[in-house]
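Chemist: Before anything else, here's the structure in question.
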Amino acid sequence: MKLKLITLAVAATLAAPAAFANITPESVAGVQKIVLSGATAPDGFVESSVKEMLDPASIKTYRDNAPDTLAFQHRAWYGLAKAGIPGVPAGTPILFVKRSKGGSVQGVDPVARASRIESLDFSACIVGGAAAKDGGKVYDYFCPTKGLDPESPDFANPALNNGVVSDFGVSDVSPAMFKAPFNVEFGAGELTASEAVKLTVKPVNTVIMGIVATNDVPLSTVITRADYGNMLMGNIQDWTQIYDKDYDGVNDFDGNPVSGNTNVVACRRVNGSGTQASYNWFFNNFPCESAFNGAKAPTTMLADNASGITGGSGTELDPFVIDPTQGYTVVNNSTSGDVRNCLKNAQNHLDHKIKGEDGNWYVTKFGNSAEPFKAIAVLSADGYGKESGWAYRNLYGAGTFAPLDQTASAGATGVAPSKANLLDGSWELAVELTMQYRNASVTNVQGDSIAALTGVKKAFADELIKRSGDPAKIDLNSKKQVYAALPDYYSPYDSAVNAAHTALGSHQGNMCKPMLRKY
C-alpha cells in the first residue's frame with residue numbers, strides 16, 4: 001500500500017501543470033527565463049509590471065538568502081503569461097529575474113558584453129517566509145546566489161564562474177553616461193564604441209534627483225546650484241562661505257551667530273553609480289564636456305579629505321580612520337542606504353563605517369565632535385520617507401521640501417524638487433531612466449556566444465519597458481510624486497492621468513542632449 005501511495009504521488013507530481021512552479025522553476029518545460037540587471041530605482045515598476053503580466057494564481061516569488069540580515073539584491077517571479085501580451089503566447093511559463101546588486105552600471109556593461117554575473121541559484125532554494133529587511137514581505141522561496149562579478153580574479157574563467165547572462169538592463173541614466181574615469185566602477189573600463197553600438201536603448205521615465213542637507217544647515221540658508229556644485233567640487237570647504245559671506249560671525253540670512261561645525265561634508269556615491277553619474281553630469285559637466293576640457297573631477301574620499309587617513313589598517317575590525325573635525329570631508333558610499341546613513345551619522349555625530357569600493361574598510365569619525373556636522377548629498381527623491389537627520393532642499397532659495405506630501409517648509413523660497421516642477425522642466429536635476437538590450441550576438445570573456453535578444457524574451461521585455469513608462473503605471477505607483485512619463489511616447493493631453501504624470505520635455509534618452517520641449 002505504501003509503495004502504491006508513493007507511486008501515485010510521483011505520478012501526480014509529474015502531471016502537475018506548469019503553474020505549480022516547484023522549487024526549481026528552471027526545470028519547467030518550455031520556461032522562458034528572462035534576466036534584468038541594474039538600477040534599484042525602478043524595482044517597484046518592474047515588480048508590478050511583471051505581476052500584472054502573469055496569471056496571479058500561478059505566481060511564485062523568490063529572493064536571495066539571509067532575509068533577516070540583508071536587504072534584497074536579487075528577486076524573481078515565476079508564473080504563466082496572461083493573454084494579450086504581443087509576441088508572448090498565453091500560458092507561456094515565465095521566470096523573470098531582477099538583479100539589483102551593483103546598481104545602474106550592472107544594467108549596462110554586463111549586458112553589452114554578455115558577461116556571466118552573479119544571480120540566483122534556483123537549484124538550491126529553500127521554502128521561504130517573511131523577509132525582515134524587506135518590509136516583512138513574504139516570499140515562497142529563499143535562494144542562494146551563484147556566479148562571479150567582474151571584480152573577482154576568477155571572473156573570466158568559465159570553469160569557475162557559473163553565473164548567468166543578463167538579457168537586458170536598466171540604468172538611472174543612459175549608457176552613454178558611464179564613461180571613464182569618473183562614471184565607471186573601481187578597476188573597470190568604459191564600453192568601447194563597438195560594444196556600445198550593440199545596445200538598443202529605450203527611455204523609460206524620468207525621476208527627481210534631490211539635493212539634500214543635514215538638519216544642522218539652517219533652513220534660512222539660501223543655496224544655489226553654484227553653492228552646491230562648489231561644495232561638492234571642493235572649491236567651497238566651509239559653510240561660512242555660504243551663510244556668512246562677509247565673515248563677521250553672523251548668519252547673513254537670519255542674523256544669528258555662526259556656530260558649531262562649519263566644515264563641509266560631502267556624502268557621495270562611488271563611481272559607477274547612476275546617482276553619482278547624475279551628480280557628475282549636473283554639477284561637473286561630465287561626461288558631456290569631457291572632450292572640451294570643460295569637465296571637473298569630483299572630489300573623492302582618498303584624495304580630498306583634509307585629514308587624510310589618520311589611522312587604521314583597512315580591515316573590518318581596524319578600518320582606516322578619517323577625521324571630519326580637521327576640515328573638508330568626502331565619504332564615498334557604495335549604496336544610497338550608505339549615503340542616508342552618512343547624513344544621519346553626520347547630523348547625530350556618530351561614527352560612519354563603510355566598506356570602500358577598493359575592498360578596504362573606512363570609518364569617518366563624526367563622533368570626534370560633540371556637535372552635528374553640516375553634510376550634503378545627492379539622492380533620488382524616491383527615497384522620501386527615509387529622511388532622518390536630513391531633508392531635501394530647495395535650489396536658489398531657502399527651506400526644505402517633502403516629496404511625500406509635496407509640501408515645503410514655512411517660508412521656503414526658490415525652486416522645489418516637486419512633481420509640478422519635474423513636469424514643466426523647472427527642476428533640472430532629473431535623470432531619465434533607460435532600459436537596454438543587445439541587438440547583435442556577442443562572445444563574452446568566458447567564451448560563450450550569446451545571441452541578440454529575440455523571440456518571446458524580447459517581446460516580454462518590450463512590453464515590460466512600455467508598461468514601466470506608462471503614466472497609468474506611475475499613477476498607481478507608491479512613489480508617483482517623484483516620477484514622470486516621457487513625452488517621447490505619451491501625450492499629456494490624452495487623459496487626466498497623462499496630464500498629471502507626463503513631462504512636457506525630455507533629453508530623449510541622452511542626458512548630454514538639451515532638454516527638448518515637445519508640448
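To be explicit about the labels: the chains of the C-alpha cells are called A, B, and onward in the order shown, and within each one the residues are counted from 1, while ligands get numbers from 1 in the order they are shown.
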Using only C-alpha atoms, which protein or nucleic acid residues come within 9 Å of range 350-352 of chain A? Drop anything in the same chain fewer than 6 positions from it, and give the result as a list in words.

Modeler: Asp338, Asn341, Cys342, Lys344, Tyr362, Val363, Thr364, Lys365, Phe366, Gly367, Asn368, Ser369 and Pro372 of chain A

Chemist: Would you save the residues from that selection as a tab-separated table (two decimals), in the first residue's frame, using C-alpha atoms?

Modeler:
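Written file, result09.tsv:
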chain	number	residue	atom	x	y	z
A	338	ASP	CA	25.02	54.21	2.99
A	341	ASN	CA	23.40	56.72	6.97
A	342	CYS	CA	26.31	59.07	6.27
A	344	LYS	CA	22.21	60.68	9.64
A	362	TYR	CA	36.81	53.09	6.42
A	363	VAL	CA	35.35	54.92	9.39
A	364	THR	CA	34.56	58.63	9.37
A	365	LYS	CA	34.81	59.72	12.99
A	366	PHE	CA	31.83	62.04	13.27
A	367	GLY	CA	31.90	61.03	16.94
A	368	ASN	CA	35.04	63.14	17.40
A	369	SER	CA	32.75	66.16	17.78
A	372	PRO	CA	26.38	67.92	14.42

Chemist: How would you write, as a count of residues only, the set of residues in range 77-315 of chain A that DSSP gives as helix (DSSP H, G or I)?

Modeler: 52

Chemist: Can you build me a table of range 380-454 of chain A residues sitting at most 8 Å from range 101-115 of chain A, with the closest atom pair per residue and its distance in Å to one decimal, using only C-alpha atoms, sorted by chain and residue number, as a Markdown table?

Modeler:
| residue | atom | partner | partner_atom | distance |
| --- | --- | --- | --- | --- |
| A:Met435 | CA | A:Gly107 | CA | 7.7 |
| A:Gln436 | CA | A:Val108 | CA | 7.4 |
| A:Tyr437 | CA | A:Val111 | CA | 6.6 |
| A:Arg438 | CA | A:Ala112 | CA | 6.2 |
| A:Val442 | CA | A:Ala114 | CA | 6.3 |
| A:Thr443 | CA | A:Ala114 | CA | 7.2 |
| A:Asn444 | CA | A:Ser115 | CA | 5.5 |
| A:Val445 | CA | A:Ser115 | CA | 6.8 |
| A:Gln446 | CA | A:Ser115 | CA | 7.4 |
| A:Ile450 | CA | A:Ala114 | CA | 6.6 |

Chemist: Generate the output file for the selected residues, C-alpha atoms, as a compact mmCIF listing (two decimals), in the first residue's frame.

Modeler:
# COMPACT_ATOMS: atom_id res chain seq x y z
CA MET A 435 16.38 50.03 -20.42
CA GLN A 436 18.63 48.39 -22.99
CA TYR A 437 19.26 45.02 -24.62
CA ARG A 438 21.67 43.51 -27.14
CA VAL A 442 28.34 38.81 -28.51
CA THR A 443 31.08 36.42 -27.44
CA ASN A 444 31.84 37.10 -23.80
CA VAL A 445 35.08 36.75 -21.86
CA GLN A 446 34.01 33.32 -20.69
CA ILE A 450 25.28 34.94 -26.82

Chemist: Would you kindly return, as a VMD selection string, each protein, DNA or RNA residue with an atom no farther than 7 Å from any atom of range 280-287 of chain A, considering only C-alpha atoms and excluding same-chain residues fewer than 2 positions away?

Modeler: chain A and resid 177 179 229 276 to 278 289 to 290 294 to 298 429

Chemist: For those residues, write C-alpha atoms to a file as an mmCIF file, in the first residue's frame.

Modeler:
data_model
loop_
_atom_site.group_PDB
_atom_site.id
_atom_site.type_symbol
_atom_site.label_atom_id
_atom_site.label_comp_id
_atom_site.auth_asym_id
_atom_site.auth_seq_id
_atom_site.Cartn_x
_atom_site.Cartn_y
_atom_site.Cartn_z
ATOM 1 C CA MET A 177 26.909 58.449 -19.259
ATOM 2 C CA LYS A 179 32.394 56.960 -19.188
ATOM 3 C CA GLY A 229 28.384 72.424 -7.022
ATOM 4 C CA GLN A 276 26.887 59.671 -8.847
ATOM 5 C CA ALA A 277 26.649 59.923 -12.628
ATOM 6 C CA SER A 278 23.761 62.393 -12.230
ATOM 7 C CA GLU A 289 32.035 68.293 -21.862
ATOM 8 C CA SER A 290 34.988 65.980 -21.292
ATOM 9 C CA GLY A 294 35.029 71.572 -19.624
ATOM 10 C CA ALA A 295 34.506 68.845 -17.033
ATOM 11 C CA LYS A 296 35.614 68.929 -13.415
ATOM 12 C CA ALA A 297 36.736 65.852 -11.500
ATOM 13 C CA PRO A 298 34.556 65.044 -8.473
ATOM 14 C CA LEU A 429 18.300 67.791 -11.747
#

Chemist: Would you please give, as a PDB file with C-alpha atoms, in the first residue's frame, all residues of range 45-267 of chain A that DSSP assigns to strand (DSSP E) based on the backbone?

Modeler:
ATOM      1  CA  LYS A  60       5.693  32.072  -7.133  1.00  0.00           C
ATOM      2  CA  THR A  61       8.162  34.536  -5.611  1.00  0.00           C
ATOM      3  CA  TYR A  62      11.879  34.182  -4.894  1.00  0.00           C
ATOM      4  CA  ARG A  63      14.606  36.284  -3.327  1.00  0.00           C
ATOM      5  CA  ASP A  64      18.169  35.928  -2.143  1.00  0.00           C
ATOM      6  CA  HIS A  74      18.108  39.580  -6.246  1.00  0.00           C
ATOM      7  CA  ARG A  75      14.424  38.712  -6.701  1.00  0.00           C
ATOM      8  CA  ALA A  76      12.428  36.603  -9.143  1.00  0.00           C
ATOM      9  CA  TRP A  77       8.858  35.801 -10.132  1.00  0.00           C
ATOM     10  CA  TYR A  78       7.600  32.664 -11.866  1.00  0.00           C
ATOM     11  CA  GLY A  79       4.182  32.363 -13.492  1.00  0.00           C
ATOM     12  CA  LEU A  80       2.169  31.794 -16.645  1.00  0.00           C
ATOM     13  CA  PRO A  93       5.891  29.732 -18.329  1.00  0.00           C
ATOM     14  CA  ILE A  94       7.958  32.819 -17.453  1.00  0.00           C
ATOM     15  CA  LEU A  95      10.779  33.013 -14.902  1.00  0.00           C
ATOM     16  CA  PHE A  96      11.656  36.700 -14.525  1.00  0.00           C
ATOM     17  CA  VAL A  97      14.780  37.541 -12.517  1.00  0.00           C
ATOM     18  CA  LYS A  98      15.710  41.058 -11.293  1.00  0.00           C
ATOM     19  CA  ARG A  99      19.236  41.639 -10.035  1.00  0.00           C
ATOM     20  CA  ARG A 116      28.260  35.965 -16.773  1.00  0.00           C
ATOM     21  CA  ILE A 117      27.447  37.639 -13.454  1.00  0.00           C
ATOM     22  CA  SER A 119      22.470  35.697  -9.887  1.00  0.00           C
ATOM     23  CA  LEU A 120      20.022  33.456  -8.055  1.00  0.00           C
ATOM     24  CA  ILE A 126      14.585  26.563   0.410  1.00  0.00           C
ATOM     25  CA  VAL A 127      10.995  27.230   1.435  1.00  0.00           C
ATOM     26  CA  ALA A 130       8.797  36.771   5.781  1.00  0.00           C
ATOM     27  CA  ALA A 131      11.849  38.875   4.928  1.00  0.00           C
ATOM     28  CA  LYS A 137       7.212  40.803   2.629  1.00  0.00           C
ATOM     29  CA  VAL A 138       6.581  37.078   2.310  1.00  0.00           C
ATOM     30  CA  TYR A 141      11.369  30.625  -1.632  1.00  0.00           C
ATOM     31  CA  PHE A 142      14.758  31.905  -0.471  1.00  0.00           C
ATOM     32  CA  CYS A 143      17.680  31.071  -2.748  1.00  0.00           C
ATOM     33  CA  THR A 145      23.352  33.006  -5.428  1.00  0.00           C
ATOM     34  CA  LYS A 146      25.895  31.644  -7.863  1.00  0.00           C
ATOM     35  CA  VAL A 164      24.137  33.928 -15.722  1.00  0.00           C
ATOM     36  CA  VAL A 165      23.975  36.426 -18.595  1.00  0.00           C
ATOM     37  CA  PHE A 168      18.520  43.286 -20.646  1.00  0.00           C
ATOM     38  CA  GLY A 169      19.449  46.023 -18.227  1.00  0.00           C
ATOM     39  CA  VAL A 170      18.120  49.135 -16.542  1.00  0.00           C
ATOM     40  CA  SER A 171      20.072  52.236 -15.555  1.00  0.00           C
ATOM     41  CA  LEU A 199      22.843  48.071 -27.300  1.00  0.00           C
ATOM     42  CA  THR A 200      19.337  49.173 -28.215  1.00  0.00           C
ATOM     43  CA  VAL A 201      18.495  51.891 -25.664  1.00  0.00           C
ATOM     44  CA  LYS A 202      14.914  52.782 -24.771  1.00  0.00           C
ATOM     45  CA  PRO A 203      13.986  55.699 -22.477  1.00  0.00           C
ATOM     46  CA  VAL A 204      11.510  54.671 -19.785  1.00  0.00           C
ATOM     47  CA  ASN A 205      10.672  57.561 -17.454  1.00  0.00           C
ATOM     48  CA  THR A 206      12.218  60.406 -15.516  1.00  0.00           C
ATOM     49  CA  VAL A 207      12.776  60.832 -11.780  1.00  0.00           C
ATOM     50  CA  ILE A 208      13.738  63.707  -9.497  1.00  0.00           C
ATOM     51  CA  MET A 209      17.239  63.651  -8.064  1.00  0.00           C
ATOM     52  CA  GLY A 210      17.216  65.681  -4.878  1.00  0.00           C
ATOM     53  CA  ILE A 211      19.809  67.908  -3.243  1.00  0.00           C
ATOM     54  CA  VAL A 212      19.845  67.111   0.459  1.00  0.00           C
ATOM     55  CA  ALA A 213      21.469  68.539   3.565  1.00  0.00           C
ATOM     56  CA  THR A 214      21.572  67.657   7.232  1.00  0.00           C
ATOM     57  CA  VAL A 264      31.623  70.893   4.582  1.00  0.00           C
ATOM     58  CA  VAL A 265      30.951  67.141   4.492  1.00  0.00           C
ATOM     59  CA  ALA A 266      30.050  65.594   1.112  1.00  0.00           C
ATOM     60  CA  CYS A 267      28.343  62.202   1.351  1.00  0.00           C
TER      61      CYS A 267
END
